[in-house]
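With compact mmCIF, C-alpha atoms inside, this is model.txt:
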```txt
# COMPACT_ATOMS: atom_id res chain seq x y z
CA MET A 421 -2.66 -17.22 -30.09
CA THR A 422 -2.31 -17.28 -26.28
CA LYS A 423 -0.38 -14.34 -24.91
CA THR A 424 1.72 -14.43 -21.74
CA LEU A 425 2.00 -11.46 -19.41
CA LEU A 426 4.70 -11.12 -16.75
CA VAL A 427 3.25 -9.58 -13.56
CA ILE A 428 5.35 -8.32 -10.62
CA ALA A 429 4.04 -6.93 -7.32
CA GLY A 430 6.39 -6.42 -4.38
CA GLU A 431 4.28 -5.48 -1.37
CA ASP A 432 0.86 -5.86 0.20
CA SER A 433 -0.71 -2.78 -1.42
CA GLY A 434 0.54 -3.93 -4.83
CA ASP A 435 -1.00 -7.33 -4.20
CA LEU A 436 -4.31 -5.63 -3.40
CA HIS A 437 -4.35 -3.48 -6.55
CA GLY A 438 -2.91 -6.29 -8.67
CA ALA A 439 -5.60 -8.79 -7.69
CA GLU A 440 -8.42 -6.55 -8.92
CA LEU A 441 -6.59 -5.88 -12.18
CA LEU A 442 -5.76 -9.56 -12.78
CA ARG A 443 -9.42 -10.43 -12.12
CA GLU A 444 -10.47 -7.92 -14.81
CA LEU A 445 -7.86 -9.26 -17.25
CA LYS A 446 -8.94 -12.88 -16.76
CA THR A 447 -12.62 -11.93 -17.08
CA ARG A 448 -11.96 -10.34 -20.45
CA ARG A 449 -9.32 -12.82 -21.66
CA PRO A 450 -9.51 -16.17 -19.83
CA ASP A 451 -6.79 -17.54 -22.10
CA LEU A 452 -4.28 -14.86 -21.08
CA ARG A 453 -1.40 -16.58 -19.29
CA LEU A 454 -0.15 -14.75 -16.21
CA VAL A 455 3.23 -15.51 -14.65
CA GLY A 456 5.11 -13.66 -11.94
CA VAL A 457 5.19 -12.51 -8.33
CA GLY A 458 2.15 -11.82 -6.16
CA GLY A 459 0.68 -12.24 -2.72
CA PRO A 460 -2.33 -14.18 -1.42
CA ARG A 461 -4.85 -12.03 -3.32
CA MET A 462 -3.09 -12.26 -6.70
CA SER A 463 -2.08 -15.90 -6.43
CA PRO A 464 -5.42 -17.41 -7.59
CA PHE A 465 -5.02 -15.57 -10.90
CA LEU A 466 -1.38 -16.48 -11.57
CA ASP A 467 -0.87 -19.46 -13.87
CA ARG A 468 2.73 -19.67 -12.69
CA LYS A 469 3.91 -18.09 -9.43
CA LEU A 470 7.62 -17.34 -9.12
CA ALA A 471 7.65 -15.92 -5.60
CA ASP A 472 5.46 -14.25 -3.00
CA VAL A 473 5.34 -10.54 -2.18
CA LYS A 474 6.71 -11.32 1.28
CA ASP A 475 9.96 -12.29 -0.46
CA LEU A 476 10.21 -8.73 -1.80
CA ALA A 477 8.62 -6.68 0.99
CA VAL A 478 11.69 -4.78 2.20
CA VAL A 479 11.63 -1.06 3.02
CA GLY A 480 14.52 1.39 3.48
CA PHE A 481 18.03 1.82 2.08
CA VAL A 482 19.76 -0.16 4.83
CA GLU A 483 17.23 -2.98 4.77
CA VAL A 484 17.48 -3.39 0.98
CA ILE A 485 21.26 -3.71 1.20
CA LYS A 486 20.90 -6.44 3.80
CA HIS A 487 18.58 -8.47 1.56
CA LEU A 488 20.36 -7.70 -1.72
CA PRO A 489 21.71 -11.21 -2.46
CA ARG A 490 18.24 -12.77 -2.18
CA LEU A 491 16.65 -9.98 -4.23
CA ASN A 492 19.30 -10.37 -6.94
CA ARG A 493 18.65 -14.12 -7.19
CA LEU A 494 14.95 -13.47 -7.66
CA PHE A 495 15.68 -10.70 -10.18
CA LYS A 496 17.69 -13.11 -12.34
CA ALA A 497 15.02 -15.81 -12.03
CA ILE A 498 12.35 -13.39 -13.24
CA LEU A 499 14.42 -12.39 -16.28
CA ALA A 500 15.06 -16.04 -17.13
CA THR A 501 11.35 -16.84 -16.84
CA ALA A 502 10.41 -13.89 -19.06
CA ALA A 503 12.67 -15.27 -21.81
CA GLU A 504 11.53 -18.86 -21.29
CA GLU A 505 7.83 -17.95 -21.35
CA GLN A 506 8.29 -15.57 -24.31
CA VAL A 507 6.17 -12.96 -22.59
CA ALA A 508 4.43 -10.38 -24.75
CA GLY A 509 4.46 -7.74 -22.05
CA ALA A 510 5.26 -6.96 -18.44
CA LEU A 511 2.87 -5.46 -15.91
CA LEU A 512 4.90 -3.91 -13.10
CA ILE A 513 2.82 -2.98 -10.05
CA ASP A 514 4.25 -0.25 -7.82
CA TYR A 515 7.51 -1.32 -6.03
CA PRO A 516 9.55 1.20 -8.07
CA GLY A 517 13.14 0.46 -7.02
CA PHE A 518 12.98 -3.18 -8.07
CA ASN A 519 10.53 -2.76 -10.95
CA LEU A 520 12.31 0.13 -12.69
CA ARG A 521 15.54 -1.85 -12.62
CA LEU A 522 13.64 -4.84 -14.00
CA ALA A 523 12.04 -2.70 -16.72
CA LYS A 524 15.45 -1.49 -17.89
CA ALA A 525 16.80 -5.05 -17.96
CA LEU A 526 13.78 -6.30 -19.90
CA ARG A 527 14.06 -3.42 -22.37
CA LYS A 528 17.69 -4.40 -23.00
CA GLN A 529 17.32 -8.20 -23.12
CA LEU A 530 13.85 -8.51 -24.67
CA PRO A 531 13.26 -5.32 -26.68
CA ALA A 532 10.00 -6.57 -28.21
CA VAL A 533 8.33 -6.84 -24.79
CA THR A 534 6.02 -3.92 -23.94
CA LEU A 535 6.42 -2.51 -20.43
CA HIS A 536 3.48 -1.21 -18.42
CA GLN A 537 3.68 0.24 -14.89
CA TYR A 538 0.54 0.24 -12.74
CA VAL A 539 0.87 2.84 -9.96
CA CYS A 540 3.20 5.72 -10.70
CA PRO A 541 6.24 5.79 -8.39
CA GLN A 542 6.20 8.74 -6.00
CA VAL A 543 8.69 10.76 -8.05
CA TRP A 544 6.86 13.93 -6.96
CA ALA A 545 8.16 13.25 -3.43
CA TRP A 546 11.66 12.03 -4.11
CA LYS A 547 13.96 10.82 -6.86
CA LYS A 548 12.66 13.25 -9.48
CA GLY A 549 15.62 12.10 -11.54
CA ARG A 550 13.62 8.95 -12.26
CA ILE A 551 11.11 10.89 -14.35
CA PRO A 552 13.20 10.74 -17.56
CA GLU A 553 13.90 7.02 -16.99
CA LEU A 554 10.24 6.17 -16.49
CA GLY A 555 9.26 8.45 -19.37
CA THR A 556 11.53 6.70 -21.83
CA VAL A 557 11.79 3.08 -20.63
CA LEU A 558 8.09 2.37 -20.12
CA ASN A 559 5.39 2.11 -22.76
CA THR A 560 2.55 2.94 -20.38
CA LEU A 561 2.30 4.47 -16.92
CA TYR A 562 -1.09 4.10 -15.26
CA CYS A 563 -1.39 6.90 -12.67
CA LEU A 564 -3.65 6.72 -9.61
CA PHE A 565 -3.47 10.42 -8.73
CA ASP A 566 -4.78 13.23 -10.89
CA PHE A 567 -1.63 15.38 -10.68
CA GLU A 568 0.83 12.72 -11.90
CA PRO A 569 0.46 12.57 -15.73
CA GLU A 570 1.58 16.20 -16.07
CA LEU A 571 5.00 15.21 -14.68
CA PHE A 572 5.64 13.13 -17.82
CA ARG A 573 4.55 15.66 -20.45
CA GLY A 574 7.08 15.65 -23.30
CA TYR A 575 8.21 12.04 -22.79
CA PRO A 576 7.16 9.16 -25.09
CA VAL A 577 5.48 7.18 -22.27
CA ASP A 578 1.68 7.08 -22.33
CA ALA A 579 1.05 8.45 -18.81
CA ARG A 580 -2.66 8.50 -17.98
CA PHE A 581 -4.80 9.07 -14.89
CA VAL A 582 -7.03 6.01 -14.42
CA GLY A 583 -8.43 6.76 -10.97
CA HIS A 584 -7.63 4.97 -7.74
CA PRO A 585 -8.81 1.36 -7.32
CA LEU A 586 -9.34 1.88 -3.61
CA VAL A 587 -12.44 3.97 -4.36
CA GLU A 588 -14.42 0.82 -5.08
CA VAL A 589 -12.42 -1.71 -3.06
CA VAL A 590 -12.56 -0.02 0.33
CA LYS A 591 -15.74 -0.95 2.16
CA PRO A 592 -16.39 -2.73 5.46
CA GLU A 593 -16.47 -6.53 5.14
CA CYS A 594 -19.39 -6.68 7.60
CA ASP A 595 -21.71 -4.29 9.42
CA ARG A 596 -21.07 -2.84 12.87
CA ALA A 597 -23.23 -5.32 14.78
CA ALA A 598 -21.60 -8.33 13.07
CA PHE A 599 -18.09 -6.98 13.65
CA PHE A 600 -18.58 -6.50 17.38
CA ALA A 601 -20.30 -9.87 17.68
CA GLU A 602 -17.42 -11.61 15.85
CA THR A 603 -14.68 -9.95 17.90
CA GLY A 604 -16.41 -9.99 21.28
CA LEU A 605 -15.75 -6.27 21.67
CA ASP A 606 -18.23 -3.96 23.39
CA PRO A 607 -20.08 -1.67 20.93
CA ALA A 608 -20.85 0.77 23.77
CA ARG A 609 -17.15 1.50 24.44
CA PRO A 610 -14.74 3.54 22.27
CA LEU A 611 -12.68 1.51 19.80
CA VAL A 612 -9.23 2.39 18.44
CA ALA A 613 -7.75 0.58 15.43
CA LEU A 614 -3.98 0.08 15.26
CA LEU A 615 -2.35 -0.32 11.84
CA PRO A 616 1.42 -0.58 12.34
CA GLY A 617 2.12 -1.67 8.75
CA SER A 618 2.35 -4.79 6.61
CA ARG A 619 6.12 -5.39 6.80
CA LYS A 620 8.08 -7.00 9.61
CA GLY A 621 10.35 -3.98 9.96
CA GLU A 622 7.35 -1.70 10.41
CA ILE A 623 5.92 -3.97 13.10
CA GLU A 624 9.24 -3.99 14.93
CA ARG A 625 9.46 -0.19 14.94
CA LEU A 626 5.84 0.96 15.23
CA LEU A 627 3.98 -1.68 17.22
CA PRO A 628 5.94 -1.48 20.53
CA PRO A 629 5.01 2.18 21.22
CA MET A 630 1.41 1.46 20.23
CA ALA A 631 1.34 -1.56 22.54
CA GLU A 632 2.81 0.47 25.39
CA LEU A 633 0.11 3.12 24.89
CA ALA A 634 -2.58 0.43 25.19
CA ARG A 635 -0.95 -0.87 28.39
CA ARG A 636 -0.77 2.61 29.92
CA TRP A 637 -4.38 3.37 29.13
CA ARG A 638 -5.45 0.03 30.64
CA THR A 639 -3.61 0.97 33.84
CA ALA A 640 -5.42 4.33 33.81
CA GLN A 641 -8.72 2.39 33.65
CA SER A 642 -9.57 3.79 30.23
CA GLU A 643 -12.74 2.58 28.54
CA VAL A 644 -10.95 2.40 25.19
CA GLN A 645 -10.71 -0.95 23.38
CA TRP A 646 -7.97 -1.76 20.86
CA VAL A 647 -8.14 -3.77 17.66
CA LEU A 648 -5.39 -4.63 15.18
CA PRO A 649 -6.22 -6.08 11.74
CA VAL A 650 -3.30 -8.37 10.81
CA ALA A 651 -1.99 -7.79 7.27
CA PRO A 652 -2.00 -10.95 5.10
CA THR A 653 1.78 -10.61 4.66
CA LEU A 654 2.30 -11.19 8.41
CA GLU A 655 1.91 -14.09 10.82
CA SER A 656 -0.31 -13.47 13.85
CA ALA A 657 2.35 -15.04 16.11
CA PHE A 658 4.90 -12.47 14.93
CA VAL A 659 2.50 -9.62 15.69
CA ARG A 660 1.60 -11.06 19.10
CA ALA A 661 5.27 -11.31 20.01
CA HIS A 662 5.60 -7.53 19.57
CA LEU A 663 2.37 -6.83 21.44
CA GLY A 664 3.38 -8.64 24.60
CA ASP A 665 0.63 -8.35 27.20
CA ALA A 666 -1.02 -5.29 25.63
CA PRO A 667 -4.86 -5.58 25.63
CA VAL A 668 -5.21 -5.59 21.84
CA THR A 669 -7.60 -7.82 19.88
CA LEU A 670 -6.15 -9.22 16.64
CA VAL A 671 -8.51 -9.77 13.72
CA GLN A 672 -8.02 -11.56 10.42
CA ASP A 673 -9.82 -10.78 7.16
CA ARG A 674 -11.49 -7.64 8.54
CA PRO A 675 -9.04 -4.83 7.68
CA TYR A 676 -11.72 -2.38 6.59
CA ALA A 677 -14.39 -3.23 9.14
CA ALA A 678 -11.85 -2.81 11.95
CA ARG A 679 -11.29 0.80 10.88
CA ALA A 680 -14.78 1.66 9.65
CA HIS A 681 -16.32 0.70 13.00
CA ALA A 682 -13.53 2.29 15.08
CA ASP A 683 -13.77 5.75 16.61
CA ALA A 684 -10.15 6.57 15.77
CA ALA A 685 -7.02 4.93 14.34
CA LEU A 686 -3.23 5.11 14.37
CA VAL A 687 -2.04 4.24 10.86
CA ALA A 688 1.37 3.58 9.35
CA SER A 689 2.18 5.86 6.43
CA GLY A 690 1.32 4.35 3.06
CA THR A 691 -1.74 3.11 1.21
CA ALA A 692 -3.44 2.37 4.54
CA THR A 693 -3.82 6.12 5.10
CA LEU A 694 -5.86 6.45 1.90
CA GLU A 695 -7.99 3.47 2.91
CA THR A 696 -8.67 4.96 6.33
CA ALA A 697 -9.53 8.34 4.81
CA LEU A 698 -12.02 6.67 2.45
CA LEU A 699 -13.60 4.89 5.43
CA GLY A 700 -14.02 8.26 7.13
CA THR A 701 -12.37 7.31 10.43
CA PRO A 702 -10.36 10.06 12.19
CA PHE A 703 -6.71 8.97 12.32
CA ALA A 704 -3.12 9.99 12.86
CA ILE A 705 -0.35 8.97 10.45
CA VAL A 706 2.75 7.46 12.05
CA TYR A 707 6.09 6.32 10.70
CA LYS A 708 9.52 5.41 11.94
CA LEU A 709 12.49 4.38 9.82
CA ASN A 710 15.91 2.96 10.56
CA ALA A 711 17.94 6.01 11.74
CA LEU A 712 20.39 5.89 8.81
CA THR A 713 17.57 5.38 6.31
CA TYR A 714 15.77 8.39 7.77
CA GLU A 715 18.84 10.64 7.53
CA MET A 716 19.27 9.65 3.88
CA ALA A 717 15.56 10.10 3.11
CA LYS A 718 15.51 13.62 4.61
CA ARG A 719 17.92 14.74 1.93
CA VAL A 720 15.78 13.64 -0.99
CA VAL A 721 12.12 13.92 0.09
CA LYS A 722 10.75 17.22 -1.20
CA VAL A 723 7.09 17.34 -0.14
CA PRO A 724 5.48 19.12 2.84
CA HIS A 725 3.59 15.97 3.94
CA PHE A 726 4.70 12.33 4.07
CA GLY A 727 1.24 10.77 4.53
CA LEU A 728 -0.50 9.86 1.26
CA ALA A 729 -3.89 11.09 2.47
CA ASN A 730 -2.38 14.54 3.10
CA VAL A 731 -0.46 14.54 -0.18
CA VAL A 732 -3.67 13.83 -2.09
CA ALA A 733 -5.66 16.47 -0.17
CA ARG A 734 -2.82 18.98 -0.70
CA ARG A 735 -3.03 19.85 3.01
CA GLU A 736 -2.94 18.17 6.40
CA VAL A 737 -6.22 16.36 7.02
CA ALA A 738 -4.58 13.87 9.41
CA PRO A 739 -1.79 14.68 11.90
CA GLU A 740 1.64 13.22 11.11
CA LEU A 741 4.05 11.76 13.67
CA LEU A 742 7.54 10.82 12.50
CA GLN A 743 10.55 9.12 14.09
CA GLY A 744 10.95 10.21 17.74
CA GLU A 745 7.38 11.55 17.81
CA VAL A 746 6.18 7.95 17.62
CA ASN A 747 6.19 7.37 21.36
CA PRO A 748 3.42 6.38 23.79
CA GLY A 749 3.06 9.88 25.24
CA ARG A 750 2.69 11.69 21.93
CA LEU A 751 0.48 8.96 20.48
CA GLY A 752 -1.77 9.30 23.51
CA LEU A 753 -2.08 13.07 23.10
CA GLU A 754 -3.08 12.74 19.44
CA LEU A 755 -5.50 9.93 20.18
CA THR A 756 -7.20 11.93 22.92
CA ARG A 757 -7.74 14.72 20.40
CA LEU A 758 -9.07 12.33 17.74
CA LEU A 759 -11.57 10.85 20.18
CA ASP A 760 -13.02 14.28 20.99
CA PRO A 761 -16.46 14.39 19.27
CA ASP A 762 -16.09 17.93 17.87
CA THR A 763 -12.59 17.26 16.51
CA ALA A 764 -13.69 13.93 15.05
CA ARG A 765 -16.61 15.59 13.26
CA ARG A 766 -14.33 18.18 11.66
CA ILE A 767 -11.78 15.57 10.58
CA ARG A 768 -14.46 13.40 8.97
CA ALA A 769 -15.56 16.38 6.88
CA ASP A 770 -11.94 17.04 5.84
CA LEU A 771 -11.43 13.42 4.83
CA GLY A 772 -14.13 13.82 2.18
CA GLU A 773 -11.64 15.91 0.18
CA VAL A 774 -9.41 12.89 -0.28
CA ARG A 775 -12.11 10.89 -2.08
CA GLY A 776 -12.72 13.80 -4.44
CA HIS A 777 -9.15 13.58 -5.79
CA LEU A 778 -9.19 9.82 -6.46
CA GLY A 779 -11.45 9.65 -9.53
CA GLN A 780 -14.40 7.44 -10.37
CA PRO A 781 -14.81 3.70 -9.66
CA GLY A 782 -13.63 1.26 -12.31
CA ALA A 783 -9.86 1.89 -12.42
CA ALA A 784 -8.93 -1.79 -12.78
CA GLY A 785 -11.38 -2.26 -15.65
CA ARG A 786 -10.06 0.80 -17.48
CA VAL A 787 -6.47 -0.43 -17.13
CA ALA A 788 -7.40 -3.95 -18.26
CA GLU A 789 -9.11 -2.67 -21.42
CA ASP A 790 -6.17 -0.47 -22.35
CA LEU A 791 -3.55 -3.09 -21.54
CA LEU A 792 -5.25 -5.86 -23.52
CA GLY A 793 -5.53 -3.54 -26.51
CA LYS A 794 -1.82 -2.85 -26.35
CA LEU A 795 -0.93 -6.54 -26.02
CA GLN A 796 -2.91 -7.27 -29.18
CA ALA A 797 -1.32 -4.43 -31.17
```
For the structure just supplied, provide its representation as structure tokens.
Amino acid sequence: MTKTLLVIAGEDSGDLHGAELLRELKTRRPDLRLVGVGGPRMSPFLDRKLADVKDLAVVGFVEVIKHLPRLNRLFKAILATAAEEQVAGALLIDYPGFNLRLAKALRKQLPAVTLHQYVCPQVWAWKKGRIPELGTVLNTLYCLFDFEPELFRGYPVDARFVGHPLVEVVKPECDRAAFFAETGLDPARPLVALLPGSRKGEIERLLPPMAELARRWRTAQSEVQWVLPVAPTLESAFVRAHLGDAPVTLVQDRPYAARAHADAALVASGTATLETALLGTPFAIVYKLNALTYEMAKRVVKVPHFGLANVVARREVAPELLQGEVNPGRLGLELTRLLDPDTARRIRADLGEVRGHLGQPGAAGRVAEDLLGKLQA
């Protein structure tokens, strides 16, 4: 009998991880019906798509409130579809605020449905009160970091470390010569990659100071070149509007090559910091939130580092710039340090620690095998 699985991803990183997992599920069970929310990478595997990740990609307390009516309409549509499709299970990928609420609603309305979360929410950083909820509402919690399962000891949830899918996904899409030929950039000059995020709000807050830095260095007759890989959740025109006349080359479909072949990078906090660490490129982590969101976050975040690469390494392997520190002057100081050959060499060695904490390749396959077994039970 054909089984139907509800799948929900709410942001670009979830779409990335979800696509590899859905590919593994379809390879093993071509008849498995997949319905839900995904981005451009997941869409080819969805038999019925309810919405795109860009409809859910909202970050911050204030921003969520602003988009609440639209999110609530989608929430109700997902619940109605789950009942209509008679789903056997739900695969919830990251996006904890929305997905935990959805899990609780599914548990109440469709108690026979098994609930599986791929990517443990960052309860070790904030909202530790969610641990009991996750531990009792979910059937399975697939953890990407080796320290996470211990947090759920004593709860009925099957919390297991599966390794991080980025270990096998992150690799340059083309070699150095091909990348420079495609972009028209000069391989003899230093290259800096800019990654201001995959959400519109992040672009609005982080890209202007990056663009101003590029303009200032052009005026100072710097040899540095700038490249910005555009996230698939964003339109190039939107990014260009926030760049203005800054001398930055936009690239599509080369997110890893742009960093792998760069000498340094400025990277928005999030999954992109892990990707950049795996590529071995010296980088600084930057982030800037709405002022009210930041004040609220300060009261609940309980970790010494906010950048994922540093959290995984258990120490600072990449400098962190937050809020007011994200300005052209400070960015320039950090970038000058990153471009120093001796500093870059030391940072590259430190970044090797990050890979060591992320497990072996094959995370998506391990999750697919376990999940299919549980759907058949």
TODO: Take atom CA of A:His584 and atom CA of A:Val737 and report the distance between them in Å, one decimal.
DONE: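 Calculated distance between atom CA of A:His584 and atom CA of A:Val737 is 18.7 Å.
The space between atom CA of A:His536 and atom CA of A:Glu431 spans 17.6 Å.
Between atom CA of A:Lys474 and atom CA of A:Lys423 there is a distance of 27.3 Å.
Near stretch 606-610 of chain A, within a cut-off of 9 Å and counting all atoms listed in the file, sit the residues Arg596, Ala597, Phe600, Ala601, Glu643, Val644, Gln645, Trp646, Ala682, Asp683, Ala684 and Leu759 of chain A, with same-chain residues fewer than 5 positions away left out.
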Item to check | Test item: residues at most 9 Å from A:Leu511, all atoms listed in the file, excluding those fewer than 3 positions along its chain, as a VMD selection string | outcome: chain A and resid 425 to 429 534 to 538 791
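With only C-alpha atoms as the atoms that count, the residue of A:Leu795, A:Leu520, A:Ala510, A:Leu615 with the shortest distance to A:Pro541 is A:Leu520.
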Nearby residues, (5.5, 1.7, 6.9) file frame, 7 Å, only C-alpha atoms, as a PyMOL selection string: chain A and resi 617+622+688-690+707
Given the choices A:Val589, A:Leu491, A:Val543, A:Ala640, which gets closest to A:Leu441 if the distance is worked out from all atoms listed in the file?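 Distance minimum relative to A:Leu441 lands on A:Val589.
Counting only C-alpha atoms, the residue from A:Pro531, A:Gly517, A:Pro702, A:Pro675 that sits nearest to A:Glu553 is A:Gly517.
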